[in-house]
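**Student:** Please find one structure pasted underneath; my questions will follow.
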Amino acid sequence: MIFNLFMTYEADATCSAMLADWFEGEPRTWLASKEGVLKSDLFVPDPEKALFFDDGPAPSCILQIHAEHLEFLEELVNAFDFARLFLDGPVGLAPEIDASFGMFRTVRYPVAGVTDPESRTAPMSFVVRYYGPMSDIAAFHDFYVANHLPLLAQFPNVRNVFAYLPVSWRNPDLPQSQVLLGNEVVFDSVSALNAAMSSEIMPALRKDSSQFPPFGHSTHHATQRRDYVS
């Protein structure tokens, strides 16, 4: 089982490059020294737009840390210098930055022709997030994993399909993520994503979405992803 820490930074679009540069310095060196980190990825907004969704600006940066044990991630966020590097540093660069932190369990759905569903095989990640209120979070998760992920895996030329289910953790000093379910589909490019969303799979996805248990809202953003620590 794989667990993930997502650090999400939202601000003016001009902050994205500045944040990405910041993370390439001391934060990356610090994180690379932690033996429990399987890998880490950095997401920034893709300049090309996805069809059908206009959810406002994408997060300026998202950092994802993969680990085999939730306990390791809990120790990591409580470690000396974590808050200085991953909260105080970015907010100090631009006070308008809104940072949030969340921990999740990964659900990987197999895709035809992909022998290792855990490894991403292309650089464009379409990042979807679902927020409350949800009257029954477990029912939403169960329905989504059982019904929506298999449909996403039928997209033409999709490379990977993931869901992220939140897990409980505690750190009173870090702003907590309000995400109640995350989803990610990986493609070679936004053009490939848009072609997939123009296929016959999209009506089936819309029909399935209409049957979701009630929730608050969702966001959809195309991002470019690169290895941060590997």
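Letters A, B, ... mark the chains of the structure tokens in the order given; residue numbers begin at 1 per chain; ligand numbers begin at 1, in order shown.
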Please list as number ranges by chain every residue within 10 Å of Asn194 (chain A), counting only C-alpha atoms and excluding residues in the same chain fewer than 5 positions away.
**Tutor:** A: 49-52, 187, 189, 199
**Student:** Would you list the contacts of region 7-22 of chain A as a list in words, taking every protein, DNA or RNA residue within 6 Å and counting only C-alpha atoms, but skipping same-chain residues closer than 6 positions in sequence?
**Tutor:**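 What passes the distance filter is Pro59, Ser60, Cys61, Ile62, Leu63, Ile97, Asp98, Ala99, Ser100 and Phe101 of chain A.
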**Student:** Please compute the CA of Ala79 (chain A)-CA of Phe23 (chain A) distance, one decimal, in Å.
**Tutor:**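 We find that CA of Ala79 (chain A) and CA of Phe23 (chain A) lie 17.5 Å from each other.
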**Student:** For His220 (chain A), find every residue with an atom within 10 Å (counting only C-alpha atoms), except residues of its own chain fewer than 6 positions away, and show them as a PyMOL selection string.
**Tutor:** chain A and resi 50+52-58+126-130+183-184
**Student:** Provide the CA of Arg108 (chain A) to CA of Leu180 (chain A) distance in Å, to one decimal place.
**Tutor:**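 Interatomic distance here is 17.0 Å.
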**Student:** For Ser210 (chain A), find every residue with an atom within 12 Å (counting only C-alpha atoms), except residues of its own chain fewer than 4 positions away, and show them as a short mmCIF file (atom, residue, chain, number, x, y, z; two decimals) with C-alpha atoms, in the first residue's frame.
**Tutor:**
```cif
data_model
loop_
_atom_site.label_atom_id
_atom_site.label_comp_id
_atom_site.auth_asym_id
_atom_site.auth_seq_id
_atom_site.Cartn_x
_atom_site.Cartn_y
_atom_site.Cartn_z
CA PHE A 143 -19.15 4.40 -5.52
CA TYR A 144 -16.32 6.35 -7.13
CA ASN A 147 -17.87 2.81 -10.91
CA HIS A 148 -15.92 5.89 -12.02
CA PRO A 203 -21.18 10.57 -21.99
CA ALA A 204 -20.81 7.48 -19.81
CA LEU A 205 -18.67 9.44 -17.35
CA ARG A 206 -21.23 12.25 -17.21
CA PRO A 214 -24.16 14.32 -2.87
CA PHE A 215 -21.01 16.43 -2.49
#
```
**Student:** Can you tell me, as a ChimeraX atom specification, which residues in region 10-183 of chain A count as strand (DSSP E) by DSSP?
**Tutor:** /A:10,39-45,61-67,98-109,124-131,160-166,179-183
**Student:** Kindly provide the residues of region 15-78 of chain A that approach region 1-5 of chain A to within 12 Å, each paired with its closest atom pair and their distance in Å to one decimal, based on only C-alpha atoms, listed by chain and increasing number, as JSON lines.
**Tutor:**
```
{"residue": "A:Gly36", "atom": "CA", "partner": "A:Phe3", "partner_atom": "CA", "distance": 11.4}
{"residue": "A:Val37", "atom": "CA", "partner": "A:Asn4", "partner_atom": "CA", "distance": 9.9}
{"residue": "A:Leu38", "atom": "CA", "partner": "A:Ile2", "partner_atom": "CA", "distance": 9.3}
{"residue": "A:Lys39", "atom": "CA", "partner": "A:Asn4", "partner_atom": "CA", "distance": 9.9}
{"residue": "A:Ser40", "atom": "CA", "partner": "A:Asn4", "partner_atom": "CA", "distance": 9.2}
{"residue": "A:Asp41", "atom": "CA", "partner": "A:Asn4", "partner_atom": "CA", "distance": 10.6}
{"residue": "A:Leu42", "atom": "CA", "partner": "A:Leu5", "partner_atom": "CA", "distance": 12.0}
{"residue": "A:Ile62", "atom": "CA", "partner": "A:Leu5", "partner_atom": "CA", "distance": 10.2}
{"residue": "A:Leu63", "atom": "CA", "partner": "A:Leu5", "partner_atom": "CA", "distance": 7.9}
{"residue": "A:Gln64", "atom": "CA", "partner": "A:Leu5", "partner_atom": "CA", "distance": 5.6}
{"residue": "A:Ile65", "atom": "CA", "partner": "A:Leu5", "partner_atom": "CA", "distance": 5.1}
{"residue": "A:His66", "atom": "CA", "partner": "A:Asn4", "partner_atom": "CA", "distance": 4.7}
{"residue": "A:Ala67", "atom": "CA", "partner": "A:Phe3", "partner_atom": "CA", "distance": 5.4}
{"residue": "A:Glu68", "atom": "CA", "partner": "A:Ile2", "partner_atom": "CA", "distance": 4.9}
{"residue": "A:His69", "atom": "CA", "partner": "A:Phe3", "partner_atom": "CA", "distance": 6.4}
{"residue": "A:Leu70", "atom": "CA", "partner": "A:Phe3", "partner_atom": "CA", "distance": 6.0}
{"residue": "A:Glu71", "atom": "CA", "partner": "A:Phe3", "partner_atom": "CA", "distance": 9.6}
{"residue": "A:Phe72", "atom": "CA", "partner": "A:Phe3", "partner_atom": "CA", "distance": 9.5}
{"residue": "A:Leu73", "atom": "CA", "partner": "A:Leu5", "partner_atom": "CA", "distance": 6.8}
{"residue": "A:Glu74", "atom": "CA", "partner": "A:Leu5", "partner_atom": "CA", "distance": 9.1}
{"residue": "A:Glu75", "atom": "CA", "partner": "A:Leu5", "partner_atom": "CA", "distance": 11.6}
{"residue": "A:Leu76", "atom": "CA", "partner": "A:Leu5", "partner_atom": "CA", "distance": 9.7}
{"residue": "A:Val77", "atom": "CA", "partner": "A:Leu5", "partner_atom": "CA", "distance": 9.1}
```
**Student:** If we count only C-alpha atoms, what is near Leu151 (chain A) at a cut-off of 12 Å, once residues fewer than 6 positions away on the same chain are taken out, given as number ranges by chain?
**Tutor:** A: 109-111, 144-145, 158, 161, 185, 196-197, 199-209
**Student:** Quick one: write out the picked residues with N, CA and C atoms as a tab-separated table (two decimals), in the first residue's frame?
**Tutor:**
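Done, and the output landed in result.tsv:
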```
chain	number	residue	atom	x	y	z
A	109	TYR	N	-5.81	2.03	-10.50
A	109	TYR	CA	-6.69	1.20	-11.32
A	109	TYR	C	-5.92	0.80	-12.58
A	110	PRO	N	-5.96	-0.50	-12.93
A	110	PRO	CA	-5.18	-0.95	-14.09
A	110	PRO	C	-5.72	-0.38	-15.41
A	111	VAL	N	-4.80	-0.11	-16.30
A	111	VAL	CA	-5.12	0.41	-17.63
A	111	VAL	C	-4.60	-0.58	-18.66
A	144	TYR	N	-17.29	5.79	-6.20
A	144	TYR	CA	-16.32	6.35	-7.13
A	144	TYR	C	-15.32	5.28	-7.58
A	145	VAL	N	-14.77	4.55	-6.63
A	145	VAL	CA	-13.77	3.54	-6.96
A	145	VAL	C	-14.38	2.41	-7.78
A	158	VAL	N	-5.22	6.78	-22.41
A	158	VAL	CA	-4.92	7.10	-21.01
A	158	VAL	C	-3.75	6.23	-20.56
A	161	VAL	N	-4.44	5.72	-14.09
A	161	VAL	CA	-5.62	6.18	-13.38
A	161	VAL	C	-5.39	5.96	-11.88
A	185	VAL	N	-5.72	11.36	-13.77
A	185	VAL	CA	-5.54	10.57	-14.99
A	185	VAL	C	-4.35	11.15	-15.74
A	196	ALA	N	-9.39	12.43	-25.72
A	196	ALA	CA	-10.07	11.39	-24.94
A	196	ALA	C	-11.42	11.89	-24.44
A	197	MET	N	-11.47	13.16	-24.01
A	197	MET	CA	-12.73	13.70	-23.49
A	197	MET	C	-13.73	13.98	-24.59
A	199	SER	N	-14.28	11.64	-26.79
A	199	SER	CA	-14.61	10.28	-27.23
A	199	SER	C	-15.96	9.84	-26.67
A	200	GLU	N	-16.34	8.61	-27.02
A	200	GLU	CA	-17.63	8.07	-26.58
A	200	GLU	C	-17.64	7.74	-25.10
A	201	ILE	N	-16.50	7.79	-24.42
A	201	ILE	CA	-16.46	7.50	-22.99
A	201	ILE	C	-17.04	8.65	-22.18
A	202	MET	N	-16.95	9.88	-22.69
A	202	MET	CA	-17.37	11.04	-21.90
A	202	MET	C	-18.85	11.01	-21.52
A	203	PRO	N	-19.78	10.65	-22.42
A	203	PRO	CA	-21.18	10.57	-21.99
A	203	PRO	C	-21.40	9.57	-20.86
A	204	ALA	N	-20.68	8.45	-20.89
A	204	ALA	CA	-20.81	7.48	-19.81
A	204	ALA	C	-20.29	8.04	-18.50
A	205	LEU	N	-19.20	8.82	-18.56
A	205	LEU	CA	-18.67	9.44	-17.35
A	205	LEU	C	-19.64	10.48	-16.80
A	206	ARG	N	-20.25	11.25	-17.67
A	206	ARG	CA	-21.23	12.25	-17.21
A	206	ARG	C	-22.42	11.56	-16.53
A	207	LYS	N	-22.88	10.48	-17.14
A	207	LYS	CA	-24.01	9.75	-16.54
A	207	LYS	C	-23.63	9.19	-15.19
A	208	ASP	N	-22.41	8.64	-15.08
A	208	ASP	CA	-21.96	8.11	-13.80
A	208	ASP	C	-21.84	9.23	-12.77
A	209	SER	N	-21.31	10.39	-13.17
A	209	SER	CA	-21.16	11.51	-12.25
A	209	SER	C	-22.50	11.97	-11.69
```
**Student:** What does the distance between CA of Ser119 (chain A) and CA of Ser168 (chain A) come to in Å, to one decimal place?
**Tutor:**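 If I compute the distance from CA of Ser119 (chain A) to CA of Ser168 (chain A), I get 25.2 Å.
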**Student:** Ranking A:Leu165, A:Leu174, A:Leu193, A:Val44 by minimum distance to Thr106 (chain A) and counting only C-alpha atoms, which one comes first?
**Tutor:**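 When distances to Thr106 (chain A) are compared using only C-alpha atoms, the smallest one comes from A:Leu165.
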**Student:** Select, from A:Arg226, A:Gly216, A:Tyr131, A:Glu48, the residue with the minimum atom-to-atom distance to Ala192 (chain A), counting only C-alpha atoms.
**Tutor:** A:Glu48
**Student:** Write out as a list in words the residues lying within 6 Å of region 121-124 of chain A, counting only C-alpha atoms and excluding same-chain residues fewer than 6 positions away.
**Tutor:**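 The filter keeps Val186, Phe187, Asp188, Ser189, Thr223, Gln224 and Arg225 of chain A.
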**Student:** Take the residues from that selection and write them out as a short mmCIF file (atom, residue, chain, number, x, y, z; two decimals), in the first residue's frame, keeping all heavy atoms.
**Tutor:**
```
data_model
loop_
_atom_site.label_atom_id
_atom_site.label_comp_id
_atom_site.auth_asym_id
_atom_site.auth_seq_id
_atom_site.Cartn_x
_atom_site.Cartn_y
_atom_site.Cartn_z
N VAL A 186 -3.51 10.27 -16.27
CA VAL A 186 -2.24 10.66 -16.87
C VAL A 186 -2.30 10.44 -18.38
O VAL A 186 -2.73 9.37 -18.84
CB VAL A 186 -1.08 9.86 -16.24
CG1 VAL A 186 0.24 10.20 -16.92
CG2 VAL A 186 -1.01 10.12 -14.74
N PHE A 187 -1.86 11.45 -19.13
CA PHE A 187 -1.83 11.40 -20.59
C PHE A 187 -0.49 11.94 -21.07
O PHE A 187 0.26 12.57 -20.33
CB PHE A 187 -2.96 12.24 -21.19
CG PHE A 187 -4.33 11.64 -21.06
CD1 PHE A 187 -5.10 11.87 -19.93
CD2 PHE A 187 -4.86 10.84 -22.06
CE1 PHE A 187 -6.36 11.32 -19.80
CE2 PHE A 187 -6.13 10.28 -21.95
CZ PHE A 187 -6.88 10.53 -20.81
N ASP A 188 -0.21 11.72 -22.35
CA ASP A 188 1.01 12.26 -22.94
C ASP A 188 0.98 13.78 -23.00
O ASP A 188 2.02 14.43 -22.91
CB ASP A 188 1.21 11.71 -24.35
CG ASP A 188 1.52 10.22 -24.36
OD1 ASP A 188 2.02 9.71 -23.35
OD2 ASP A 188 1.25 9.57 -25.39
N SER A 189 -0.22 14.36 -23.17
CA SER A 189 -0.34 15.81 -23.33
C SER A 189 -1.78 16.21 -23.09
O SER A 189 -2.69 15.36 -23.03
CB SER A 189 0.07 16.22 -24.75
OG SER A 189 -0.83 15.64 -25.70
N THR A 223 -2.06 19.67 -15.44
CA THR A 223 -0.76 20.03 -14.89
C THR A 223 0.35 19.29 -15.61
O THR A 223 0.14 18.21 -16.15
CB THR A 223 -0.67 19.68 -13.38
OG1 THR A 223 -0.70 18.26 -13.21
CG2 THR A 223 -1.82 20.31 -12.60
N GLN A 224 1.52 19.89 -15.59
CA GLN A 224 2.74 19.21 -16.02
C GLN A 224 3.46 18.72 -14.77
O GLN A 224 3.58 19.45 -13.79
CB GLN A 224 3.64 20.15 -16.82
CG GLN A 224 3.21 20.31 -18.26
CD GLN A 224 3.43 19.04 -19.09
OE1 GLN A 224 4.46 18.39 -18.96
NE2 GLN A 224 2.46 18.70 -19.92
N ARG A 225 3.93 17.50 -14.81
CA ARG A 225 4.51 16.86 -13.62
C ARG A 225 5.94 16.45 -13.93
O ARG A 225 6.25 16.00 -15.04
CB ARG A 225 3.67 15.63 -13.28
CG ARG A 225 4.03 14.92 -11.99
CD ARG A 225 3.45 13.52 -11.96
NE ARG A 225 4.12 12.67 -12.93
CZ ARG A 225 3.60 12.34 -14.11
NH1 ARG A 225 2.42 12.76 -14.49
NH2 ARG A 225 4.30 11.57 -14.94
#
```
**Student:** DSSP on the backbone: which residues in region 50-160 of chain A end up as alpha helix (DSSP H)? Give the answer as a PyMOL selection string.
**Tutor:** chain A and resi 70-77+82-83+89-93+137-143+149-152
